[in-house]
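Text of run_29.txt, listed as compact mmCIF, C-alpha atoms and all ligand atoms:
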# COMPACT_ATOMS: atom_id res chain seq x y z
CA MET T 13 104.44 110.15 116.70
CA GLN T 14 102.04 112.54 118.28
CA LYS T 15 101.52 115.63 116.14
CA SER T 16 100.46 119.03 117.42
CA LYS T 17 97.23 120.56 116.09
CA LYS T 18 99.21 123.03 114.03
CA ASP T 19 101.39 120.30 112.51
CA LYS T 20 98.27 118.36 111.68
CA TRP T 21 96.71 121.37 110.02
CA VAL T 22 99.92 121.99 108.02
CA THR T 23 100.01 118.34 106.92
CA GLU T 24 96.39 118.50 105.81
CA PHE T 25 97.05 121.72 103.96
CA ILE T 26 100.05 120.21 102.15
CA HIS T 27 98.01 117.10 101.38
CA LYS T 28 95.19 119.15 99.87
CA SER T 29 97.46 121.46 97.90
CA LEU T 30 99.39 118.47 96.54
CA GLN T 31 96.14 116.86 95.50
CA LYS T 32 95.25 120.03 93.64
CA ARG T 33 98.66 120.28 92.02
CA SER T 34 99.10 116.73 90.82
CA PRO T 35 96.73 114.11 89.56
CA TYR T 36 99.06 111.49 91.04
CA THR T 37 98.21 109.72 94.31
CA GLY T 38 100.32 106.74 95.29
CA ARG T 39 100.25 104.58 98.38
CA PHE T 40 102.19 102.04 100.41
CA ALA T 41 99.94 99.53 102.12
CA PRO T 42 101.72 97.06 104.41
CA SER T 43 100.08 94.42 106.59
CA PRO T 44 101.30 94.59 110.19
CA THR T 45 102.50 90.99 110.27
CA GLY T 46 106.02 92.01 111.32
CA PRO T 47 108.62 94.76 110.89
CA LEU T 48 109.64 95.96 107.41
CA HIS T 49 112.52 94.08 105.75
CA PHE T 50 114.70 94.96 102.76
CA GLY T 51 112.11 93.64 100.27
CA SER T 52 109.37 95.83 101.73
CA LEU T 53 111.72 98.83 101.75
CA ILE T 54 112.11 98.40 97.97
CA ALA T 55 108.32 98.54 97.49
CA ALA T 56 107.93 101.52 99.84
CA LEU T 57 110.84 103.44 98.32
CA ALA T 58 109.76 102.83 94.70
CA SER T 59 106.17 103.92 95.33
CA TYR T 60 107.43 106.96 97.29
CA LEU T 61 109.90 108.03 94.57
CA ASP T 62 107.39 107.46 91.77
CA ALA T 63 104.90 109.71 93.58
CA ARG T 64 107.39 112.42 94.54
CA ALA T 65 109.01 112.49 91.09
CA ALA T 66 105.51 113.23 89.73
CA SER T 67 104.92 115.91 92.44
CA GLY T 68 102.21 113.61 93.72
CA CYS T 69 100.77 112.57 97.07
CA TRP T 70 102.05 109.50 98.83
CA LEU T 71 99.76 107.82 101.34
CA VAL T 72 100.30 105.06 103.87
CA ARG T 73 97.59 102.55 104.69
CA ILE T 74 97.95 99.86 107.33
CA GLU T 75 96.10 96.74 106.15
CA ASP T 76 95.15 95.41 109.56
CA ILE T 77 92.03 93.36 108.86
CA ASP T 78 93.54 89.92 109.43
CA PRO T 79 94.19 89.76 113.21
CA PRO T 80 95.26 86.07 113.22
CA ARG T 81 98.27 86.99 111.03
CA GLU T 82 99.16 90.22 112.78
CA GLN T 83 101.92 90.89 115.28
CA PRO T 84 101.29 93.28 118.18
CA GLY T 85 103.27 96.51 117.78
CA ALA T 86 104.10 95.85 114.12
CA SER T 87 102.13 98.88 112.82
CA ASP T 88 104.14 101.26 114.97
CA LEU T 89 107.41 99.56 113.99
CA ILE T 90 106.53 99.91 110.29
CA LEU T 91 105.71 103.62 110.66
CA LYS T 92 108.88 104.16 112.69
CA ALA T 93 110.97 102.49 109.96
CA LEU T 94 109.36 104.63 107.21
CA ASP T 95 110.19 107.70 109.27
CA VAL T 96 113.81 106.64 109.84
CA TYR T 97 114.24 106.03 106.09
CA GLY T 98 112.84 109.50 105.33
CA LEU T 99 109.69 108.16 103.64
CA HIS T 100 107.31 110.78 105.05
CA TRP T 101 103.71 110.31 104.00
CA ASP T 102 100.99 112.87 103.37
CA GLY T 103 97.97 113.21 105.63
CA GLU T 104 96.92 110.69 108.25
CA VAL T 105 97.63 106.97 108.09
CA LEU T 106 94.51 105.01 107.14
CA TYR T 107 93.92 101.87 109.22
CA GLN T 108 91.71 99.27 107.58
CA HIS T 109 90.27 98.12 110.91
CA GLN T 110 88.47 101.50 110.96
CA ARG T 111 86.89 100.90 107.56
CA LEU T 112 84.71 97.85 108.24
CA GLY T 113 81.48 99.80 107.61
CA ALA T 114 82.62 100.70 104.08
CA TYR T 115 83.52 97.07 103.35
CA ARG T 116 80.15 95.93 104.70
CA ASP T 117 78.29 98.41 102.44
CA THR T 118 80.29 97.34 99.40
CA LEU T 119 79.63 93.67 100.08
CA ALA T 120 75.91 94.43 100.41
CA ALA T 121 76.01 96.29 97.08
CA LEU T 122 77.67 93.32 95.36
CA LYS T 123 75.09 90.94 96.82
CA GLY T 124 72.30 93.33 95.80
CA GLU T 125 73.50 93.21 92.18
CA ALA T 126 73.83 89.41 92.37
CA LEU T 127 77.56 89.78 91.79
CA ALA T 128 78.49 87.79 94.88
CA TYR T 129 77.38 84.42 96.13
CA PRO T 130 77.83 82.18 99.15
CA CYS T 131 80.41 79.41 98.82
CA ILE T 132 80.07 76.45 101.14
CA CYS T 133 82.93 74.41 99.70
CA THR T 134 85.33 72.99 102.23
CA ARG T 135 89.09 73.27 102.00
CA LYS T 136 89.19 69.52 101.38
CA GLU T 137 86.77 69.75 98.45
CA LEU T 138 88.87 72.48 96.86
CA ALA T 139 92.29 71.01 97.71
CA SER T 140 93.07 69.76 94.21
CA TYR T 141 91.97 73.06 92.55
CA LEU T 142 93.49 75.71 94.84
CA PRO T 143 94.56 78.47 94.52
CA ASN T 144 92.02 78.61 91.67
CA TYR T 145 88.30 78.13 92.30
CA PRO T 146 86.27 75.81 90.03
CA GLY T 147 82.95 77.68 90.46
CA PHE T 148 81.00 74.92 92.25
CA CYS T 149 78.71 77.36 94.11
CA ARG T 150 78.23 79.96 91.38
CA SER T 151 74.50 79.35 90.97
CA ARG T 152 73.90 79.31 94.72
CA THR T 153 71.72 82.11 96.16
CA ASP T 154 71.94 81.06 99.81
CA ALA T 155 74.12 78.89 101.97
CA GLY T 156 71.33 76.37 102.53
CA CYS T 157 71.53 76.28 106.28
CA PRO T 158 72.00 79.88 107.51
CA GLU T 159 74.18 78.71 110.41
CA LEU T 160 76.64 77.06 108.08
CA ALA T 161 79.94 78.98 107.99
CA HIS T 162 80.53 80.07 104.42
CA ALA T 163 82.62 82.44 102.36
CA ILE T 164 81.25 84.98 99.86
CA ARG T 165 82.78 84.93 96.40
CA PHE T 166 82.68 87.57 93.68
CA ASN T 167 81.33 86.36 90.34
CA ALA T 168 84.10 87.44 87.98
CA MET T 169 82.08 86.24 84.94
CA ASP T 170 85.09 84.43 83.41
CA GLN T 171 86.39 87.74 82.10
CA VAL T 172 89.76 88.16 80.45
CA VAL T 173 91.56 91.14 81.95
CA VAL T 174 94.29 92.88 79.97
CA PHE T 175 96.28 95.76 81.45
CA GLN T 176 99.44 97.68 80.63
CA ASP T 177 101.92 97.33 83.43
CA ARG T 178 104.46 100.15 83.55
CA ILE T 179 107.29 97.67 84.25
CA GLN T 180 106.10 94.24 83.14
CA LYS T 181 104.38 95.46 79.91
CA GLU T 182 101.05 94.06 78.67
CA GLN T 183 99.52 91.49 81.02
CA SER T 184 96.60 89.22 80.25
CA PHE T 185 94.81 87.04 82.80
CA SER T 186 91.82 84.75 82.45
CA LEU T 187 89.43 85.00 85.38
CA GLU T 188 87.96 81.74 84.17
CA GLU T 189 91.29 80.14 85.08
CA LEU T 190 91.85 82.10 88.30
CA GLY T 191 88.26 81.49 89.33
CA ASP T 192 85.82 83.56 91.38
CA PHE T 193 87.64 84.94 94.41
CA VAL T 194 86.67 85.40 98.04
CA VAL T 195 85.46 88.85 99.16
CA PHE T 196 84.31 87.75 102.61
CA ARG T 197 86.04 84.93 104.42
CA LYS T 198 84.51 81.91 106.06
CA ASP T 199 86.11 82.99 109.36
CA GLY T 200 84.08 86.22 109.31
CA LEU T 201 86.80 88.58 108.06
CA PHE T 202 86.68 90.82 104.98
CA ALA T 203 89.04 89.58 102.27
CA TYR T 204 92.12 91.44 101.11
CA GLN T 205 90.87 91.98 97.53
CA LEU T 206 87.66 93.70 98.66
CA ALA T 207 89.31 95.96 101.25
CA VAL T 208 92.09 97.07 98.88
CA VAL T 209 89.68 97.98 96.08
CA VAL T 210 87.36 99.91 98.41
CA ASP T 211 90.23 101.85 99.99
CA ASP T 212 92.11 102.62 96.77
CA GLU T 213 88.89 104.23 95.51
CA HIS T 214 88.23 105.98 98.84
CA GLN T 215 91.75 107.45 98.88
CA GLY T 216 91.70 108.46 95.20
CA VAL T 217 94.74 106.30 94.40
CA THR T 218 95.83 106.78 90.79
CA ASP T 219 99.04 104.73 90.82
CA ILE T 220 99.99 101.46 92.43
CA VAL T 221 103.65 100.45 92.59
CA ARG T 222 104.15 97.10 94.32
CA GLY T 223 105.94 93.76 94.10
CA ILE T 224 105.34 91.35 91.23
CA ASP T 225 104.30 88.73 93.81
CA LEU T 226 100.95 90.60 93.89
CA ILE T 227 100.42 90.64 90.10
CA ASP T 228 97.78 87.85 90.30
CA SER T 229 95.72 90.13 92.52
CA THR T 230 95.64 92.90 89.93
CA PRO T 231 93.20 91.28 87.43
CA ARG T 232 90.93 90.39 90.37
CA GLN T 233 91.03 93.94 91.68
CA ILE T 234 90.39 95.38 88.21
CA THR T 235 87.25 93.26 87.71
CA LEU T 236 86.01 94.31 91.12
CA GLN T 237 86.71 98.01 90.39
CA LYS T 238 84.78 97.76 87.14
CA ALA T 239 81.83 95.97 88.75
CA LEU T 240 81.63 98.70 91.41
CA GLY T 241 82.04 101.58 88.94
CA PHE T 242 85.39 102.56 90.48
CA HIS T 243 88.41 104.09 88.80
CA THR T 244 91.21 101.70 87.75
CA PRO T 245 94.68 102.94 88.78
CA ARG T 246 97.84 102.51 86.73
CA TYR T 247 100.00 99.59 87.87
CA ALA T 248 103.73 98.99 88.08
CA HIS T 249 104.85 95.62 89.45
CA LEU T 250 108.41 95.66 90.74
CA PRO T 251 110.90 92.80 90.65
CA VAL T 252 111.15 91.14 94.07
CA ILE T 253 114.34 90.73 96.06
CA THR T 254 115.27 87.06 96.43
CA ASN T 255 117.44 85.25 98.99
CA GLU T 256 120.19 82.70 98.33
CA PHE T 257 117.55 80.00 97.61
CA GLY T 258 115.79 82.17 95.02
CA ASP T 259 112.80 82.77 97.31
CA LYS T 260 111.25 86.19 97.76
CA LEU T 261 112.39 87.92 100.96
CA SER T 262 109.45 87.68 103.32
CA LYS T 263 108.51 87.46 106.93
CA GLN T 264 107.78 83.74 106.40
CA ASN T 265 111.35 83.00 105.38
CA LYS T 266 112.70 85.14 108.20
CA ALA T 267 113.99 88.16 106.30
CA ALA T 268 115.84 90.43 108.74
CA ALA T 269 114.09 93.56 110.02
CA LEU T 270 115.41 96.84 108.58
CA PRO T 271 118.07 98.44 110.78
CA LEU T 272 116.66 101.54 112.49
CA LYS T 273 120.10 102.98 113.27
CA ASN T 274 122.45 104.14 110.50
CA PRO T 275 119.89 103.70 107.67
CA GLU T 276 122.05 105.29 104.94
CA PRO T 277 123.90 102.17 103.65
CA THR T 278 120.63 100.17 103.47
CA LEU T 279 118.84 103.02 101.71
CA TRP T 280 121.73 103.29 99.26
CA LEU T 281 121.46 99.53 98.51
CA ALA T 282 117.70 99.89 97.97
CA MET T 283 118.33 102.73 95.52
CA LYS T 284 120.90 100.56 93.73
CA ALA T 285 118.40 97.67 93.55
CA LEU T 286 115.91 99.99 91.87
CA GLY T 287 118.42 100.77 89.14
CA LEU T 288 119.29 104.30 90.27
CA PRO T 289 122.77 105.34 89.06
CA VAL T 290 124.17 105.59 92.60
CA ASP T 291 127.84 106.20 93.38
CA SER T 292 129.82 106.44 96.61
CA ALA T 293 129.38 110.23 96.78
CA ILE T 294 125.61 109.71 97.13
CA ARG T 295 126.23 107.25 99.96
CA ASN T 296 127.93 109.92 102.05
CA GLY T 297 124.81 112.09 102.02
CA SER T 298 122.07 112.20 104.65
CA VAL T 299 118.82 110.26 104.16
CA GLU T 300 117.10 113.50 103.05
CA GLU T 301 119.84 114.32 100.55
CA MET T 302 119.80 110.78 99.15
CA LEU T 303 116.02 110.91 98.67
CA ILE T 304 116.09 114.28 96.93
CA TRP T 305 118.81 113.01 94.58
CA ALA T 306 116.80 109.81 93.97
CA GLN T 307 113.64 111.77 93.07
CA GLN T 308 115.60 113.74 90.51
CA HIS T 309 117.02 110.57 88.94
CA TRP T 310 113.93 108.38 89.26
CA SER T 311 112.91 106.23 86.28
CA LEU T 312 111.27 102.84 85.84
CA SER T 313 113.33 102.19 82.68
CA PRO T 314 116.16 100.19 84.34
CA LEU T 315 113.60 97.75 85.81
CA GLN T 316 111.80 96.91 82.56
CA GLN T 317 110.46 93.35 82.60
CA GLN T 318 112.71 92.33 85.49
CA THR T 319 110.98 89.94 87.86
CA SER T 320 113.62 89.31 90.54
CA ILE T 321 116.83 90.74 91.95
CA PRO T 322 119.10 88.43 94.01
CA GLU T 323 119.96 90.13 97.29
CA ALA T 324 123.50 88.77 96.96
CA SER T 325 124.02 90.90 93.82
CA LEU T 326 123.64 94.06 95.89
CA THR T 327 126.90 95.10 97.54
CA LEU T 328 128.14 98.38 98.94
CA ASP T 329 130.74 98.98 96.21
ZN ZN K 1 81.93 76.84 96.68
Here is a file; write its structure as structure tokens.
Amino acid sequence: MQKSKKDKWVTEFIHKSLQKRSPYTGRFAPSPTGPLHFGSLIAALASYLDARAASGCWLVRIEDIDPPREQPGASDLILKALDVYGLHWDGEVLYQHQRLGAYRDTLAALKGEALAYPCICTRKELASYLPNYPGFCRSRTDAGCPELAHAIRFNAMDQVVVFQDRIQKEQSFSLEELGDFVVFRKDGLFAYQLAVVVDDEHQGVTDIVRGIDLIDSTPRQITLQKALGFHTPRYAHLPVITNEFGDKLSKQNKAAALPLKNPEPTLWLAMKALGLPVDSAIRNGSVEEMLIWAQQHWSLSPLQQQTSIPEASLTLD
């Protein structure tokens, strides 16, 4: 999707004027581990509609900082799918692989404030505690032997984090239970939690709309935002779409890639899943017409405190 200079200028102008007009900035931030599936369309569509209904900006960020999990060509396929489904983003796509300097600086700042420490625990030592961390290395100031591969963990100070989720209502998490989390991985890669927090601040994100499968990350990200003096966005955690076994649709359980031809029926089903009062007349519209209608009818009310939606409950009638 090569844009001309003029198009680029127009996009930047729209982006800036939208930023001026609305205090809302949303984002969709997929990892390029495979093409988008119906579950990821739900997250993209909901964050898009929530932003557009508020006359806000909607940004796309490709979270490509975990090469071992990535699939070549997936970023382009994801952007192509967003385009086909009419989910046009503002400004340029941000790629996390271009942001390593910012992550490095943030990690140095955390270390400088003694808010991060080296963890030399092995997977075997932690096996009976994972995914929570028991804090074995918390008082450690160095890894002992500098050559020893080690992770860096954030000291979350056993805080209790309470936040108001726009869909799931008040949420309370104990960081003492979740444990200090990794901000830099033993394999030399920056961790998801650190990169997300740094980029949400960098992009001025005010609202995060994403799947409830990520709700455990939210208290971690909030403690990190507070430690770094960053703004905390509002959160809305969507119910996830589940397959016939009750598992979340995901690349791991081989959810089908979104069709790139004839997107209207799939978009209509996604709108239905999000509780929009769709009817067959809407289904006969173009993608653009469907999205304009959806913006006008957008509300989080039908999703209140829902955690899952069986895919089988969604039919084209
Ligand atoms: Zn440790």
inquiry  = Ranking T:Leu61, T:Cys149, T:Leu187, T:Ala120 by minimum distance to Thr134 in chain T and counting only C-alpha atoms, which one comes first?
reply    =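 Comparing T:Leu61, T:Cys149, T:Leu187, T:Ala120 against Thr134 in chain T, the winner is T:Cys149.
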task = Show which residues sit within 8 Å of Ile253 in chain T, as a PyMOL selection string. Count all atoms listed in the file, and ignore same-chain residues fewer than 6 positions away.
result = chain T and resi 50-51+260-261+320-323
request  = Show me which residues sit within 12 Å of ligand ZN 1 (chain K) when counting only C-alpha atoms and all ligand atoms, and put them as a ChimeraX atom specification.
outcome  = /T:128-139,141-142,144-155,161-167,191-194,197-198
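Among the candidates T:Thr37, T:Ser292, T:Asn274, T:Ser298, the residue lying nearest to Val221 in chain T is T:Thr37 (atoms considered: all atoms listed in the file).
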ask   = Which of these, T:Leu328, T:Ala293, T:Leu89, T:Leu71, has the shortest distance to Ile220 in chain T once you count only C-alpha atoms?
value =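 The answer is T:Leu71, which sits nearest to Ile220 in chain T.
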